[in-house]
Amino acid sequence: MYALAIRVCIPRHAAEVYLAKQAETLQICHERLGQHNKRHVMKLLKQHVINVEANKESCDGCALGIGHQQGFGTQTSRPNMVAEQINADVCGPMTERSVCVARYYVCFEYVYTKFSRVSFINTKSEVADCLRKFLIEVKIAGHVTKVLLSDGSKEFDCKDAQKLLEEHGFTHPLTMPYNPAQNGAAEQEIRPIVESVCSLLHASGLPKKLWPEACNTVGYILNRTGPTQVEGKTPLELWTGSYATLCHLRALDRMLCADYQIEKTQVVPKE
């Protein structure tokens, strides 16, 4: 027998021991740690002196939640004339009806000039009427357009719209289903309009039902300030040939709208 000189030391903090069963794999630890990157999980386990079996097992949860579509390539051929091609799309339904009972808006944009027009509708069946008015405006402006690109939705691929396009000599190519990038000009125009409308309404404190007024304001400003393929030219300059002034623009504000409504009620005679 031997006598040992031993002194018991009580640690300040409780000791932690990490155990891993032999059956546990990297995939199990990956799921326990909230689907973190497996390289990060391996590094973390090594810091805690835990050895697990590394494998190349794929994670269905990560493939579904983290996976994303690869970007589309750059378009090689673009329209190089002012009114060569129109891209059209419908945005909506909005979360709240407007004062004029609109729930959607239609955006028509020229690919080369980036000049756009928006029209507000209650149902998608009114798209053909908006298209008719837009084509009349194009004819009055003196431009000739022969191509209208849209998705395959029924509001554009319907009898009334097709008859109207045939009367004006348009070709109407349709994009492939679930490929909005093929109609990229209209999609890229809708996004900044919607984002700017949300910003305007939030900053001014105006109710959501005034979203068409804010949408008109954003479209008006983008036509006079937006970038184009021609350096130093705005969409309105390419469309009309006239210079766009900005000195008349004012910030959208609740008080300005209130003053306008009071002034308007004073002008309109009572019945």
# chains A, B, ... in the order shown; residues from 1 in each chain; ligands from 1
$ select_by_dssp --residues "range 32-112 of chain A" --states "strand (DSSP E or B)" --output "ChimeraX atom specification"
/A:53,85-91,104-110
$ residues_around --residues "Pro212 in chain A" --least-positions-apart "3" --cutoff "9 Å" --atoms "only C-alpha atoms" --output "PyMOL selection string"
chain A and resi 98-100+102+105+119-120+197+209+215-217
$ write_last_selection --atoms "N, CA and C atoms" --output "PDB file, in the first residue's frame"
ATOM      1  N   SER A  98     -57.954  50.912 -53.980  1.00  0.00           N
ATOM      2  CA  SER A  98     -57.699  52.345 -54.011  1.00  0.00           C
ATOM      3  C   SER A  98     -59.010  53.117 -53.940  1.00  0.00           C
ATOM      4  N   VAL A  99     -58.898  54.443 -53.955  1.00  0.00           N
ATOM      5  CA  VAL A  99     -60.091  55.298 -53.957  1.00  0.00           C
ATOM      6  C   VAL A  99     -60.918  55.061 -55.213  1.00  0.00           C
ATOM      7  N   CYS A 100     -60.242  54.784 -56.329  1.00  0.00           N
ATOM      8  CA  CYS A 100     -60.939  54.515 -57.591  1.00  0.00           C
ATOM      9  C   CYS A 100     -61.246  53.031 -57.773  1.00  0.00           C
ATOM     10  N   ALA A 102     -59.371  50.380 -57.641  1.00  0.00           N
ATOM     11  CA  ALA A 102     -58.403  49.626 -58.447  1.00  0.00           C
ATOM     12  C   ALA A 102     -57.628  48.663 -57.555  1.00  0.00           C
ATOM     13  N   TYR A 105     -52.352  47.208 -61.505  1.00  0.00           N
ATOM     14  CA  TYR A 105     -51.917  48.208 -62.482  1.00  0.00           C
ATOM     15  C   TYR A 105     -51.125  47.524 -63.586  1.00  0.00           C
ATOM     16  N   SER A 119     -51.352  52.012 -65.993  1.00  0.00           N
ATOM     17  CA  SER A 119     -52.810  52.168 -65.996  1.00  0.00           C
ATOM     18  C   SER A 119     -53.370  51.310 -64.874  1.00  0.00           C
ATOM     19  N   PHE A 120     -54.417  51.791 -64.234  1.00  0.00           N
ATOM     20  CA  PHE A 120     -54.972  51.129 -63.054  1.00  0.00           C
ATOM     21  C   PHE A 120     -56.307  50.483 -63.406  1.00  0.00           C
ATOM     22  N   VAL A 197     -43.250  53.309 -54.189  1.00  0.00           N
ATOM     23  CA  VAL A 197     -44.590  53.603 -53.685  1.00  0.00           C
ATOM     24  C   VAL A 197     -44.673  53.317 -52.190  1.00  0.00           C
ATOM     25  N   LYS A 209     -54.659  53.376 -49.422  1.00  0.00           N
ATOM     26  CA  LYS A 209     -55.602  53.433 -50.535  1.00  0.00           C
ATOM     27  C   LYS A 209     -55.208  54.476 -51.582  1.00  0.00           C
ATOM     28  N   CYS A 215     -48.146  55.772 -57.228  1.00  0.00           N
ATOM     29  CA  CYS A 215     -47.610  55.047 -58.385  1.00  0.00           C
ATOM     30  C   CYS A 215     -47.478  55.978 -59.585  1.00  0.00           C
ATOM     31  N   ASN A 216     -48.464  56.840 -59.797  1.00  0.00           N
ATOM     32  CA  ASN A 216     -48.375  57.829 -60.874  1.00  0.00           C
ATOM     33  C   ASN A 216     -47.212  58.786 -60.653  1.00  0.00           C
ATOM     34  N   THR A 217     -47.016  59.178 -59.403  1.00  0.00           N
ATOM     35  CA  THR A 217     -45.910  60.078 -59.076  1.00  0.00           C
ATOM     36  C   THR A 217     -44.566  59.435 -59.386  1.00  0.00           C
TER      37      THR A 217
END
$ residues_around --residues "Thr123 in chain A" --least-positions-apart "2" --cutoff "9 Å" --atoms "only C-alpha atoms" --output "mmCIF file with N, CA and C atoms, in the first residue's frame"
data_model
loop_
_atom_site.group_PDB
_atom_site.id
_atom_site.type_symbol
_atom_site.label_atom_id
_atom_site.label_comp_id
_atom_site.auth_asym_id
_atom_site.auth_seq_id
_atom_site.Cartn_x
_atom_site.Cartn_y
_atom_site.Cartn_z
ATOM 1 N N PRO A 93 -52.814 41.297 -57.203
ATOM 2 C CA PRO A 93 -53.653 42.333 -56.599
ATOM 3 C C PRO A 93 -52.993 42.980 -55.393
ATOM 4 N N ALA A 102 -59.371 50.380 -57.641
ATOM 5 C CA ALA A 102 -58.403 49.626 -58.447
ATOM 6 C C ALA A 102 -57.628 48.663 -57.555
ATOM 7 N N ARG A 103 -57.314 47.505 -58.095
ATOM 8 C CA ARG A 103 -56.530 46.503 -57.370
ATOM 9 C C ARG A 103 -55.265 46.095 -58.133
ATOM 10 N N TYR A 104 -55.190 46.422 -59.424
ATOM 11 C CA TYR A 104 -54.044 46.063 -60.255
ATOM 12 C C TYR A 104 -53.563 47.311 -60.991
ATOM 13 N N ILE A 121 -56.472 49.251 -62.966
ATOM 14 C CA ILE A 121 -57.661 48.474 -63.315
ATOM 15 C C ILE A 121 -58.174 47.755 -62.072
ATOM 16 N N SER A 125 -59.503 41.636 -66.726
ATOM 17 C CA SER A 125 -60.200 41.680 -68.019
ATOM 18 C C SER A 125 -60.159 43.066 -68.648
ATOM 19 N N GLU A 126 -59.736 44.095 -67.904
ATOM 20 C CA GLU A 126 -59.671 45.459 -68.421
ATOM 21 C C GLU A 126 -58.331 45.763 -69.103
ATOM 22 N N VAL A 127 -57.452 44.779 -69.178
ATOM 23 C CA VAL A 127 -56.132 45.004 -69.772
ATOM 24 C C VAL A 127 -56.247 45.383 -71.243
#
$ closest_residue --among "A:Gln162, A:Thr95, A:Thr234, A:Asn55" --to "His30 in chain A" --atoms "only C-alpha atoms"
A:Asn55
$ atom_distance --atom1 "CA of Cys158 in chain A" --atom2 "CA of Met94 in chain A"
22.9 Å
$ closest_residue --among "A:Val230, A:Ala5, A:Val82, A:Leu174" --to "Ser150 in chain A" --atoms "only C-alpha atoms"
A:Leu174
$ closest_residue --among "A:Lys46, A:Lys56, A:Lys154, A:His172" --to "Ala128 in chain A" --atoms "only C-alpha atoms"
A:Lys154
$ atom_distance --atom1 "CA of Thr228 in chain A" --atom2 "CA of Thr113 in chain A"
6.0 Å
$ residues_around --residues "Val147 in chain A" --least-positions-apart "5" --cutoff "8 Å" --atoms "only C-alpha atoms" --output "MDAnalysis selection string"
chainID A and resid 84:86 170:173
$ write_last_selection --atoms "N, CA and C atoms" --output "PDB file, in the first residue's frame"
ATOM      1  N   GLU A  84     -39.144  50.265 -80.882  1.00  0.00           N
ATOM      2  CA  GLU A  84     -39.049  48.965 -81.535  1.00  0.00           C
ATOM      3  C   GLU A  84     -39.829  47.882 -80.793  1.00  0.00           C
ATOM      4  N   GLN A  85     -39.777  47.877 -79.474  1.00  0.00           N
ATOM      5  CA  GLN A  85     -40.411  46.792 -78.717  1.00  0.00           C
ATOM      6  C   GLN A  85     -40.983  47.318 -77.413  1.00  0.00           C
ATOM      7  N   ILE A  86     -42.173  46.804 -77.071  1.00  0.00           N
ATOM      8  CA  ILE A  86     -42.830  47.109 -75.806  1.00  0.00           C
ATOM      9  C   ILE A  86     -42.859  45.847 -74.961  1.00  0.00           C
ATOM     10  N   PHE A 170     -49.129  44.040 -84.965  1.00  0.00           N
ATOM     11  CA  PHE A 170     -48.145  43.664 -83.956  1.00  0.00           C
ATOM     12  C   PHE A 170     -47.858  42.174 -84.016  1.00  0.00           C
ATOM     13  N   THR A 171     -46.623  41.816 -83.715  1.00  0.00           N
ATOM     14  CA  THR A 171     -46.283  40.438 -83.387  1.00  0.00           C
ATOM     15  C   THR A 171     -46.242  40.329 -81.870  1.00  0.00           C
ATOM     16  N   HIS A 172     -46.724  39.212 -81.357  1.00  0.00           N
ATOM     17  CA  HIS A 172     -46.880  39.074 -79.908  1.00  0.00           C
ATOM     18  C   HIS A 172     -46.187  37.814 -79.404  1.00  0.00           C
ATOM     19  N   PRO A 173     -44.871  37.841 -79.239  1.00  0.00           N
ATOM     20  CA  PRO A 173     -44.188  36.684 -78.649  1.00  0.00           C
ATOM     21  C   PRO A 173     -44.488  36.577 -77.156  1.00  0.00           C
TER      22      PRO A 173
END
$ atom_distance --atom1 "CA of His143 in chain A" --atom2 "CA of Asp129 in chain A"
19.8 Å
